[in-house]
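Just target.cif here, mmCIF, C-alpha atoms and all ligand atoms:
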data_work
loop_
_atom_site.group_PDB
_atom_site.id
_atom_site.type_symbol
_atom_site.label_atom_id
_atom_site.label_comp_id
_atom_site.auth_asym_id
_atom_site.auth_seq_id
_atom_site.Cartn_x
_atom_site.Cartn_y
_atom_site.Cartn_z
ATOM 1 C CA MET V 1 -6.828 8.251 -25.818
ATOM 2 C CA ARG V 2 -5.195 11.498 -26.814
ATOM 3 C CA ILE V 3 -1.413 11.518 -27.211
ATOM 4 C CA THR V 4 0.390 14.844 -27.076
ATOM 5 C CA LEU V 5 4.044 15.802 -27.288
ATOM 6 C CA VAL V 6 5.618 18.451 -25.086
ATOM 7 C CA GLN V 7 9.169 19.694 -25.131
ATOM 8 C CA GLY V 8 10.398 20.518 -21.656
ATOM 9 C CA ASP V 9 10.835 19.345 -18.106
ATOM 10 C CA ILE V 10 8.523 16.576 -16.926
ATOM 11 C CA THR V 11 8.615 17.715 -13.291
ATOM 12 C CA GLY V 12 6.389 20.716 -14.040
ATOM 13 C CA GLN V 13 3.629 18.736 -15.727
ATOM 14 C CA ASP V 14 0.161 19.141 -14.320
ATOM 15 C CA VAL V 15 -1.051 15.565 -14.765
ATOM 16 C CA ASP V 16 -2.350 12.858 -12.446
ATOM 17 C CA ALA V 17 0.823 10.798 -12.754
ATOM 18 C CA VAL V 18 4.368 11.453 -13.899
ATOM 19 C CA VAL V 19 6.445 8.460 -14.961
ATOM 20 C CA ASN V 20 10.013 8.292 -13.705
ATOM 21 C CA ALA V 21 12.806 6.539 -15.601
ATOM 22 C CA ALA V 22 14.120 5.063 -12.373
ATOM 23 C CA ASN V 23 16.812 2.520 -11.738
ATOM 24 C CA SER V 24 16.108 -0.740 -9.996
ATOM 25 C CA SER V 25 17.408 0.476 -6.632
ATOM 26 C CA LEU V 26 14.521 3.002 -6.482
ATOM 27 C CA LEU V 27 16.903 5.178 -4.486
ATOM 28 C CA GLY V 28 17.337 7.933 -7.034
ATOM 29 C CA GLY V 29 19.848 8.656 -9.759
ATOM 30 C CA GLY V 30 20.677 11.212 -12.417
ATOM 31 C CA GLY V 31 18.698 12.484 -15.389
ATOM 32 C CA VAL V 32 14.948 12.578 -15.061
ATOM 33 C CA ASP V 33 15.113 10.560 -11.825
ATOM 34 C CA GLY V 34 17.317 13.182 -10.172
ATOM 35 C CA ALA V 35 15.077 15.998 -11.403
ATOM 36 C CA ILE V 36 11.923 14.334 -10.012
ATOM 37 C CA HIS V 37 13.465 13.731 -6.583
ATOM 38 C CA ARG V 38 14.937 17.239 -6.427
ATOM 39 C CA ARG V 39 11.730 18.994 -7.257
ATOM 40 C CA GLY V 40 9.371 16.532 -5.559
ATOM 41 C CA GLY V 41 11.234 16.644 -2.256
ATOM 42 C CA PRO V 42 12.073 13.921 0.282
ATOM 43 C CA ALA V 43 8.597 12.350 0.476
ATOM 44 C CA ILE V 44 9.235 10.476 -2.786
ATOM 45 C CA LEU V 45 12.496 8.943 -1.610
ATOM 46 C CA ASP V 46 10.876 8.012 1.703
ATOM 47 C CA ALA V 47 8.112 6.178 -0.133
ATOM 48 C CA CYS V 48 10.642 4.467 -2.412
ATOM 49 C CA ARG V 49 12.687 3.284 0.568
ATOM 50 C CA LYS V 50 9.585 1.812 2.180
ATOM 51 C CA LEU V 51 8.581 0.064 -1.028
ATOM 52 C CA ARG V 52 12.065 -1.368 -1.350
ATOM 53 C CA ALA V 53 12.007 -2.686 2.173
ATOM 54 C CA SER V 54 8.509 -4.162 1.924
ATOM 55 C CA HIS V 55 8.409 -5.537 -1.636
ATOM 56 C CA TYR V 56 11.614 -5.106 -3.607
ATOM 57 C CA ASP V 57 14.568 -5.939 -1.423
ATOM 58 C CA LYS V 58 16.435 -7.008 -4.567
ATOM 59 C CA GLY V 59 15.277 -3.918 -6.447
ATOM 60 C CA LEU V 60 12.421 -3.311 -8.881
ATOM 61 C CA PRO V 61 12.905 -5.610 -11.899
ATOM 62 C CA THR V 62 13.475 -4.113 -15.346
ATOM 63 C CA GLY V 63 10.214 -3.549 -17.216
ATOM 64 C CA ARG V 64 8.114 -3.194 -14.054
ATOM 65 C CA ALA V 65 6.432 -0.106 -12.601
ATOM 66 C CA VAL V 66 5.387 0.982 -9.142
ATOM 67 C CA ALA V 67 3.699 4.136 -7.852
ATOM 68 C CA THR V 68 4.476 6.515 -4.984
ATOM 69 C CA THR V 69 3.355 9.937 -3.880
ATOM 70 C CA ALA V 70 4.563 12.796 -6.071
ATOM 71 C CA GLY V 71 5.575 14.853 -3.032
ATOM 72 C CA GLU V 72 5.663 18.519 -3.954
ATOM 73 C CA LEU V 73 5.275 18.003 -7.714
ATOM 74 C CA PRO V 74 2.065 19.258 -9.324
ATOM 75 C CA ALA V 75 1.203 15.630 -10.150
ATOM 76 C CA ARG V 76 -0.497 13.348 -7.614
ATOM 77 C CA TRP V 77 1.663 10.296 -8.180
ATOM 78 C CA VAL V 78 5.023 9.275 -9.555
ATOM 79 C CA ILE V 79 5.106 5.937 -11.346
ATOM 80 C CA HIS V 80 8.645 4.574 -11.222
ATOM 81 C CA THR V 81 9.608 2.246 -14.041
ATOM 82 C CA VAL V 82 12.957 0.621 -14.747
ATOM 83 C CA GLY V 83 13.970 0.732 -18.391
ATOM 84 C CA PRO V 84 16.435 -1.721 -19.920
ATOM 85 C CA VAL V 85 19.980 -0.638 -20.704
ATOM 86 C CA PHE V 86 20.348 -0.653 -24.497
ATOM 87 C CA SER V 87 22.274 -3.576 -25.940
ATOM 88 C CA ALA V 88 23.333 -3.917 -29.560
ATOM 89 C CA ALA V 89 23.870 -7.649 -28.998
ATOM 90 C CA GLU V 90 20.489 -8.486 -27.478
ATOM 91 C CA ASP V 91 16.994 -7.297 -28.407
ATOM 92 C CA ARG V 92 15.546 -5.802 -25.218
ATOM 93 C CA SER V 93 12.693 -3.940 -26.876
ATOM 94 C CA GLU V 94 10.083 -6.107 -25.161
ATOM 95 C CA LEU V 95 11.372 -4.892 -21.796
ATOM 96 C CA LEU V 96 11.129 -1.277 -22.930
ATOM 97 C CA ALA V 97 7.570 -1.871 -24.176
ATOM 98 C CA SER V 98 6.795 -3.464 -20.809
ATOM 99 C CA CYS V 99 7.755 -0.210 -19.034
ATOM 100 C CA TYR V 100 5.009 1.649 -20.900
ATOM 101 C CA ARG V 101 2.423 -1.126 -20.462
ATOM 102 C CA GLU V 102 3.154 -1.579 -16.754
ATOM 103 C CA SER V 103 3.103 2.176 -16.159
ATOM 104 C CA LEU V 104 -0.339 2.425 -17.759
ATOM 105 C CA ARG V 105 -1.487 -0.538 -15.667
ATOM 106 C CA ALA V 106 -0.249 1.222 -12.522
ATOM 107 C CA ALA V 107 -2.051 4.391 -13.657
ATOM 108 C CA ASP V 108 -5.273 2.413 -14.108
ATOM 109 C CA GLU V 109 -4.936 0.978 -10.607
ATOM 110 C CA LEU V 110 -4.593 4.500 -9.219
ATOM 111 C CA GLY V 111 -7.461 5.858 -11.284
ATOM 112 C CA ALA V 112 -5.101 8.281 -13.024
ATOM 113 C CA THR V 113 -6.446 9.479 -16.356
ATOM 114 C CA SER V 114 -3.591 11.771 -17.405
ATOM 115 C CA VAL V 115 -0.022 10.494 -17.507
ATOM 116 C CA ALA V 116 3.256 12.124 -18.561
ATOM 117 C CA PHE V 117 6.081 9.894 -19.804
ATOM 118 C CA PRO V 118 9.742 10.742 -20.379
ATOM 119 C CA ALA V 119 11.686 8.945 -23.115
ATOM 120 C CA VAL V 120 12.558 5.952 -20.926
ATOM 121 C CA SER V 121 16.050 4.458 -21.399
ATOM 122 C CA THR V 122 17.247 7.136 -23.855
ATOM 123 C CA GLY V 123 19.657 8.872 -21.468
ATOM 124 C CA VAL V 124 22.207 7.033 -19.375
ATOM 125 C CA TYR V 125 20.736 3.741 -20.673
ATOM 126 C CA ARG V 126 21.711 4.785 -24.230
ATOM 127 C CA TRP V 127 18.701 3.614 -26.232
ATOM 128 C CA PRO V 128 18.706 5.122 -29.775
ATOM 129 C CA MET V 129 16.035 7.845 -29.693
ATOM 130 C CA ALA V 130 14.200 6.937 -32.917
ATOM 131 C CA GLU V 131 13.749 3.317 -31.924
ATOM 132 C CA ALA V 132 12.803 4.167 -28.342
ATOM 133 C CA ALA V 133 10.228 6.643 -29.652
ATOM 134 C CA ARG V 134 8.689 4.045 -31.957
ATOM 135 C CA ILE V 135 8.420 1.494 -29.140
ATOM 136 C CA ALA V 136 6.943 4.106 -26.794
ATOM 137 C CA VAL V 137 4.308 5.357 -29.222
ATOM 138 C CA ASP V 138 3.338 1.934 -30.591
ATOM 139 C CA THR V 139 3.078 0.365 -27.140
ATOM 140 C CA VAL V 140 1.003 3.144 -25.617
ATOM 141 C CA ARG V 141 -1.378 3.062 -28.570
ATOM 142 C CA ALA V 142 -1.762 -0.706 -28.389
ATOM 143 C CA THR V 143 -2.355 -0.906 -24.628
ATOM 144 C CA PRO V 144 -5.939 -1.078 -23.360
ATOM 145 C CA THR V 145 -6.265 1.519 -20.581
ATOM 146 C CA ARG V 146 -8.602 4.038 -19.023
ATOM 147 C CA VAL V 147 -5.905 6.705 -19.294
ATOM 148 C CA MET V 148 -7.269 9.355 -21.647
ATOM 149 C CA ASP V 149 -4.394 11.831 -21.835
ATOM 150 C CA VAL V 150 -0.879 10.591 -22.501
ATOM 151 C CA ARG V 151 1.828 13.214 -22.707
ATOM 152 C CA PHE V 152 5.333 12.423 -23.863
ATOM 153 C CA VAL V 153 7.570 15.077 -22.329
ATOM 154 C CA LEU V 154 10.790 15.324 -24.293
ATOM 155 C CA PHE V 155 13.774 17.130 -22.938
ATOM 156 C CA THR V 156 15.515 18.017 -26.214
ATOM 157 C CA PRO V 157 14.426 19.137 -29.686
ATOM 158 C CA ASP V 158 15.927 15.916 -31.114
ATOM 159 C CA ALA V 159 13.832 13.780 -28.803
ATOM 160 C CA TYR V 160 10.738 15.798 -29.686
ATOM 161 C CA ALA V 161 11.416 15.332 -33.410
ATOM 162 C CA ALA V 162 11.884 11.579 -32.981
ATOM 163 C CA PHE V 163 8.573 11.230 -31.151
ATOM 164 C CA GLU V 164 6.814 13.401 -33.713
ATOM 165 C CA GLN V 165 8.058 11.126 -36.452
ATOM 166 C CA ALA V 166 7.006 7.999 -34.539
ATOM 167 C CA LEU V 167 3.549 9.455 -33.990
ATOM 168 C CA ASN V 168 3.169 10.352 -37.678
ATOM 169 C CA ALA V 169 4.410 6.929 -38.762
ATOM 170 C CA ALA V 170 1.825 5.283 -36.539
ATOM 171 C CA GLY V 171 -0.993 6.899 -38.555
ATOM 172 C CA PRO V 172 -4.349 8.137 -37.253
ATOM 173 C CA ALA V 173 -5.481 6.799 -33.887
ATOM 174 C CA ASP V 174 -8.112 4.037 -33.855
HETATM 175 P P1 LIG I 201 17.539 6.308 -18.464
HETATM 176 O O1 LIG I 201 18.482 5.868 -17.365
HETATM 177 O O2 LIG I 201 16.257 5.510 -18.495
HETATM 178 O O3 LIG I 201 18.217 6.406 -19.785
HETATM 179 P P2 LIG I 201 17.674 9.227 -18.099
HETATM 180 O O4 LIG I 201 17.021 10.035 -17.042
HETATM 181 O O5 LIG I 201 19.163 9.194 -18.144
HETATM 182 O O6 LIG I 201 17.037 7.753 -17.972
HETATM 183 O O7 LIG I 201 17.160 9.720 -19.515
HETATM 184 C C1 LIG I 201 15.877 9.474 -20.031
HETATM 185 C C2 LIG I 201 15.443 10.649 -20.877
HETATM 186 O O8 LIG I 201 14.954 11.685 -20.030
HETATM 187 C C3 LIG I 201 16.559 11.278 -21.712
HETATM 188 O O9 LIG I 201 16.060 11.481 -23.036
HETATM 189 C C4 LIG I 201 16.831 12.613 -21.006
HETATM 190 O O10 LIG I 201 17.243 13.618 -21.923
HETATM 191 C C5 LIG I 201 15.456 12.934 -20.469
HETATM 192 N N1 LIG I 201 15.375 13.859 -19.340
HETATM 193 C C6 LIG I 201 16.332 14.229 -18.450
HETATM 194 N N2 LIG I 201 15.825 15.110 -17.563
HETATM 195 C C7 LIG I 201 14.516 15.297 -17.877
HETATM 196 C C8 LIG I 201 13.444 16.092 -17.346
HETATM 197 N N3 LIG I 201 13.613 16.870 -16.275
HETATM 198 N N4 LIG I 201 12.221 16.024 -17.962
HETATM 199 C C9 LIG I 201 12.023 15.234 -19.038
HETATM 200 N N5 LIG I 201 12.982 14.460 -19.581
HETATM 201 C C10 LIG I 201 14.214 14.490 -19.014
#

In structure tokens, write the structure found in this file.
Ligand code: ADP
Amino acid sequence: MRITLVQGDITGQDVDAVVNAANSSLLGGGGVDGAIHRRGGPAILDACRKLRASHYDKGLPTGRAVATTAGELPARWVIHTVGPVFSAAEDRSELLASCYRESLRAADELGATSVAFPAVSTGVYRWPMAEAARIAVDTVRATPTRVMDVRFVLFTPDAYAAFEQALNAAGPAD
């Protein structure tokens, strides 16, 4: 697997699947979620509504991932995952790791071999960037998958720097 870092907007990525930092309602929100729905058009929200009605009437649980069409995005699919809200009192890192694992599992089910991830939970959900980057990089590297091209798409220079450091700390790939 090749891991690359990109600074920019995930909605423009030409990959098989783009991961969305969704909320459990699957009905859209701010941040990367809002950007994906805006640029991808109404087909994504339609698919999310149907999924909610058929499988997730109580919402998609934290740490899980589910795929829909990518609408008008260059990607073929959007994989929606629900990150945990950061808590200083409780260690929720396993749930954040689960977002990356479950997204790769969903990608494998689709046959997607290139996947772009945002820095899940580091916006409204307030996860410290350095720690979120370490969990993201370590989890993706440790997950068996047929995905060959993983792209972390970081919105800010700070996020990019944090992921670069996490990637360097992880050492050469196996
Ligand atoms: P969460 O609720 O999981 O924290 P957010 O969307 O609020 O999700 O933020 C997750 C990360 O995505 C943040 O680091 C934010 O800066 C970044 N982000 C926001 N918009 C985009 C975008 N269009 N492309 C890539 N990353 C984005």

* Asked: Which one is closest to V:Tyr125: V:Ala21, V:Cys99, V:Leu73, V:Leu45? Count all atoms listed in the file.
  -> V:Ala21

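Each of V:Glu164, V:Asp149, V:Glu72, V:Asp158 was checked against ligand LIG 201 (chain I) using all atoms listed in the file; the smallest atom-to-atom distance is that of V:Asp158.
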
* Mind checking which residues fall within 10 Å of V:Tyr160, counting all atoms listed in the file, ignoring those fewer than 6 positions away in the same chain, and posting them as a ChimeraX atom specification? => /V:5-8,119,129,133,152-154,166

With C-alpha atoms kept, could you save the residues just selected as a PDB file, in the coordinates of the input?
ATOM      1  CA  LEU V   5       4.044  15.802 -27.288  1.00  0.00           C
ATOM      2  CA  VAL V   6       5.618  18.451 -25.086  1.00  0.00           C
ATOM      3  CA  GLN V   7       9.169  19.694 -25.131  1.00  0.00           C
ATOM      4  CA  GLY V   8      10.398  20.518 -21.656  1.00  0.00           C
ATOM      5  CA  ALA V 119      11.686   8.945 -23.115  1.00  0.00           C
ATOM      6  CA  MET V 129      16.035   7.845 -29.693  1.00  0.00           C
ATOM      7  CA  ALA V 133      10.228   6.643 -29.652  1.00  0.00           C
ATOM      8  CA  PHE V 152       5.333  12.423 -23.863  1.00  0.00           C
ATOM      9  CA  VAL V 153       7.570  15.077 -22.329  1.00  0.00           C
ATOM     10  CA  LEU V 154      10.790  15.324 -24.293  1.00  0.00           C
ATOM     11  CA  ALA V 166       7.006   7.999 -34.539  1.00  0.00           C
TER      12      ALA V 166
END

* To do: Report as a count of residues only which protein, DNA and RNA residues come within 8 Å of ligand LIG 201 (chain I), using all atoms listed in the file.
  => 36

* Taking (0.8, 6.0, -27.1) in the file's coordinates as the center, which residues reach within 10 Å of it, counting all atoms listed in the file, put as JSON, numbers by chain? -> {"V": [1, 2, 3, 4, 100, 101, 117, 133, 134, 135, 136, 137, 138, 139, 140, 141, 142, 143, 149, 150, 151, 152, 166, 167, 170, 173]}

8 Å per side around stretch 70-84 of chain V: axis-aligned box centre and edge lengths, as JSON:
{"center_x": 8.0, "center_y": 8.8, "center_z": -11.5, "size_x": 32.9, "size_y": 37.0, "size_z": 32.9}

* **Distance criterion (all atoms listed in the file): nearest to V:Ala47 out of V:Thr62, V:Thr81, V:Gln13, V:Thr68** =>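 Between V:Thr62, V:Thr81, V:Gln13, V:Thr68, the residue approaching V:Ala47 most closely is V:Thr68.
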
* Tell me which of V:Gln165, V:Asp14, V:Glu131, V:Val147 sits closest to V:Trp77, counting all atoms listed in the file. =>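 That would be V:Asp14, the residue with the smallest distance to V:Trp77.
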
* In terms of the shortest atom-to-atom distance over only C-alpha atoms, which of V:Leu60, V:Ala116, V:Ala106, V:Ala53 is closest to V:Ser25? ->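 Once distances to V:Ser25 are computed over only C-alpha atoms, the minimum belongs to V:Leu60.
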
* Structure fact -> In Å and to one decimal, atom CA of V:Ala161 is distant from atom CA of V:Asp91 by 23.8 Å

* Asked: Could you state the separation of atom CA of V:Pro157 and atom CA of V:Ser103 in Å, given to one decimal place?
  ->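 The value is 24.5 Å.
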
Kindly add N, CA and C atoms to the incomplete stretch 6-42 of chain V and provide the output as a tab-separated table (two decimals), keeping the file's coordinate frame.
chain	number	residue	atom	x	y	z
V	6	VAL	N	5.22	17.20	-25.72
V	6	VAL	CA	5.62	18.45	-25.09
V	6	VAL	C	7.13	18.46	-25.03
V	7	GLN	N	7.73	19.60	-25.37
V	7	GLN	CA	9.17	19.69	-25.13
V	7	GLN	C	9.39	20.44	-23.82
V	8	GLY	N	10.14	19.84	-22.92
V	8	GLY	CA	10.40	20.52	-21.66
V	8	GLY	C	10.73	19.56	-20.54
V	9	ASP	N	10.46	20.05	-19.33
V	9	ASP	CA	10.84	19.34	-18.11
V	9	ASP	C	9.60	18.64	-17.54
V	10	ILE	N	9.70	17.35	-17.34
V	10	ILE	CA	8.52	16.58	-16.93
V	10	ILE	C	8.06	16.94	-15.51
V	11	THR	N	8.98	17.48	-14.70
V	11	THR	CA	8.62	17.72	-13.29
V	11	THR	C	7.56	18.81	-13.13
V	12	GLY	N	7.37	19.64	-14.15
V	12	GLY	CA	6.39	20.72	-14.04
V	12	GLY	C	5.02	20.34	-14.59
V	13	GLN	N	4.88	19.12	-15.05
V	13	GLN	CA	3.63	18.74	-15.73
V	13	GLN	C	2.46	18.59	-14.76
V	14	ASP	N	1.37	19.19	-15.13
V	14	ASP	CA	0.16	19.14	-14.32
V	14	ASP	C	-0.71	17.98	-14.81
V	15	VAL	N	-0.34	16.79	-14.37
V	15	VAL	CA	-1.05	15.56	-14.76
V	15	VAL	C	-1.30	14.75	-13.50
V	16	ASP	N	-2.13	13.71	-13.61
V	16	ASP	CA	-2.35	12.86	-12.45
V	16	ASP	C	-1.06	12.13	-12.06
V	17	ALA	N	-0.38	11.59	-13.05
V	17	ALA	CA	0.82	10.80	-12.75
V	17	ALA	C	1.95	11.13	-13.71
V	18	VAL	N	3.14	11.25	-13.13
V	18	VAL	CA	4.37	11.45	-13.90
V	18	VAL	C	5.17	10.16	-13.82
V	19	VAL	N	5.64	9.68	-14.96
V	19	VAL	CA	6.44	8.46	-14.96
V	19	VAL	C	7.91	8.83	-14.81
V	20	ASN	N	8.59	8.08	-13.95
V	20	ASN	CA	10.01	8.29	-13.70
V	20	ASN	C	10.81	7.17	-14.35
V	21	ALA	N	11.86	7.54	-15.10
V	21	ALA	CA	12.81	6.54	-15.60
V	21	ALA	C	13.78	6.25	-14.47
V	22	ALA	N	13.36	5.35	-13.59
V	22	ALA	CA	14.12	5.06	-12.37
V	22	ALA	C	15.18	4.01	-12.65
V	23	ASN	N	15.99	3.72	-11.65
V	23	ASN	CA	16.81	2.52	-11.74
V	23	ASN	C	16.31	1.52	-10.70
V	24	SER	N	16.78	0.30	-10.77
V	24	SER	CA	16.11	-0.74	-10.00
V	24	SER	C	16.27	-0.53	-8.49
V	25	SER	N	17.24	0.24	-8.07
V	25	SER	CA	17.41	0.48	-6.63
V	25	SER	C	16.26	1.30	-6.06
V	26	LEU	N	15.59	2.07	-6.89
V	26	LEU	CA	14.52	3.00	-6.48
V	26	LEU	C	15.05	4.10	-5.55
V	27	LEU	N	16.35	4.22	-5.45
V	27	LEU	CA	16.90	5.18	-4.49
V	27	LEU	C	17.41	6.45	-5.15
V	28	GLY	N	16.98	6.68	-6.37
V	28	GLY	CA	17.34	7.93	-7.03
V	28	GLY	C	18.56	7.77	-7.91
V	29	GLY	N	18.72	8.71	-8.83
V	29	GLY	CA	19.85	8.66	-9.76
V	29	GLY	C	19.96	9.99	-10.47
V	30	GLY	N	20.52	9.97	-11.66
V	30	GLY	CA	20.68	11.21	-12.42
V	30	GLY	C	19.51	11.41	-13.37
V	31	GLY	N	19.69	12.27	-14.32
V	31	GLY	CA	18.70	12.48	-15.39
V	31	GLY	C	17.33	12.84	-14.84
V	32	VAL	N	16.32	12.24	-15.43
V	32	VAL	CA	14.95	12.58	-15.06
V	32	VAL	C	14.66	12.15	-13.61
V	33	ASP	N	15.26	11.07	-13.19
V	33	ASP	CA	15.11	10.56	-11.82
V	33	ASP	C	15.59	11.62	-10.82
V	34	GLY	N	16.78	12.16	-11.06
V	34	GLY	CA	17.32	13.18	-10.17
V	34	GLY	C	16.43	14.41	-10.14
V	35	ALA	N	15.93	14.80	-11.32
V	35	ALA	CA	15.08	16.00	-11.40
V	35	ALA	C	13.78	15.80	-10.61
V	36	ILE	N	13.19	14.62	-10.72
V	36	ILE	CA	11.92	14.33	-10.01
V	36	ILE	C	12.14	14.37	-8.50
V	37	HIS	N	13.21	13.74	-8.03
V	37	HIS	CA	13.46	13.73	-6.58
V	37	HIS	C	13.82	15.13	-6.07
V	38	ARG	N	14.57	15.88	-6.85
V	38	ARG	CA	14.94	17.24	-6.43
V	38	ARG	C	13.70	18.11	-6.26
V	39	ARG	N	12.88	18.09	-7.29
V	39	ARG	CA	11.73	18.99	-7.26
V	39	ARG	C	10.58	18.45	-6.41
V	40	GLY	N	10.48	17.13	-6.32
V	40	GLY	CA	9.37	16.53	-5.56
V	40	GLY	C	9.64	16.49	-4.06
V	41	GLY	N	10.90	16.63	-3.68
V	41	GLY	CA	11.23	16.64	-2.26
V	41	GLY	C	11.38	15.24	-1.67
V	42	PRO	N	11.68	15.18	-0.37
V	42	PRO	CA	12.07	13.92	0.28
V	42	PRO	C	10.95	12.89	0.42
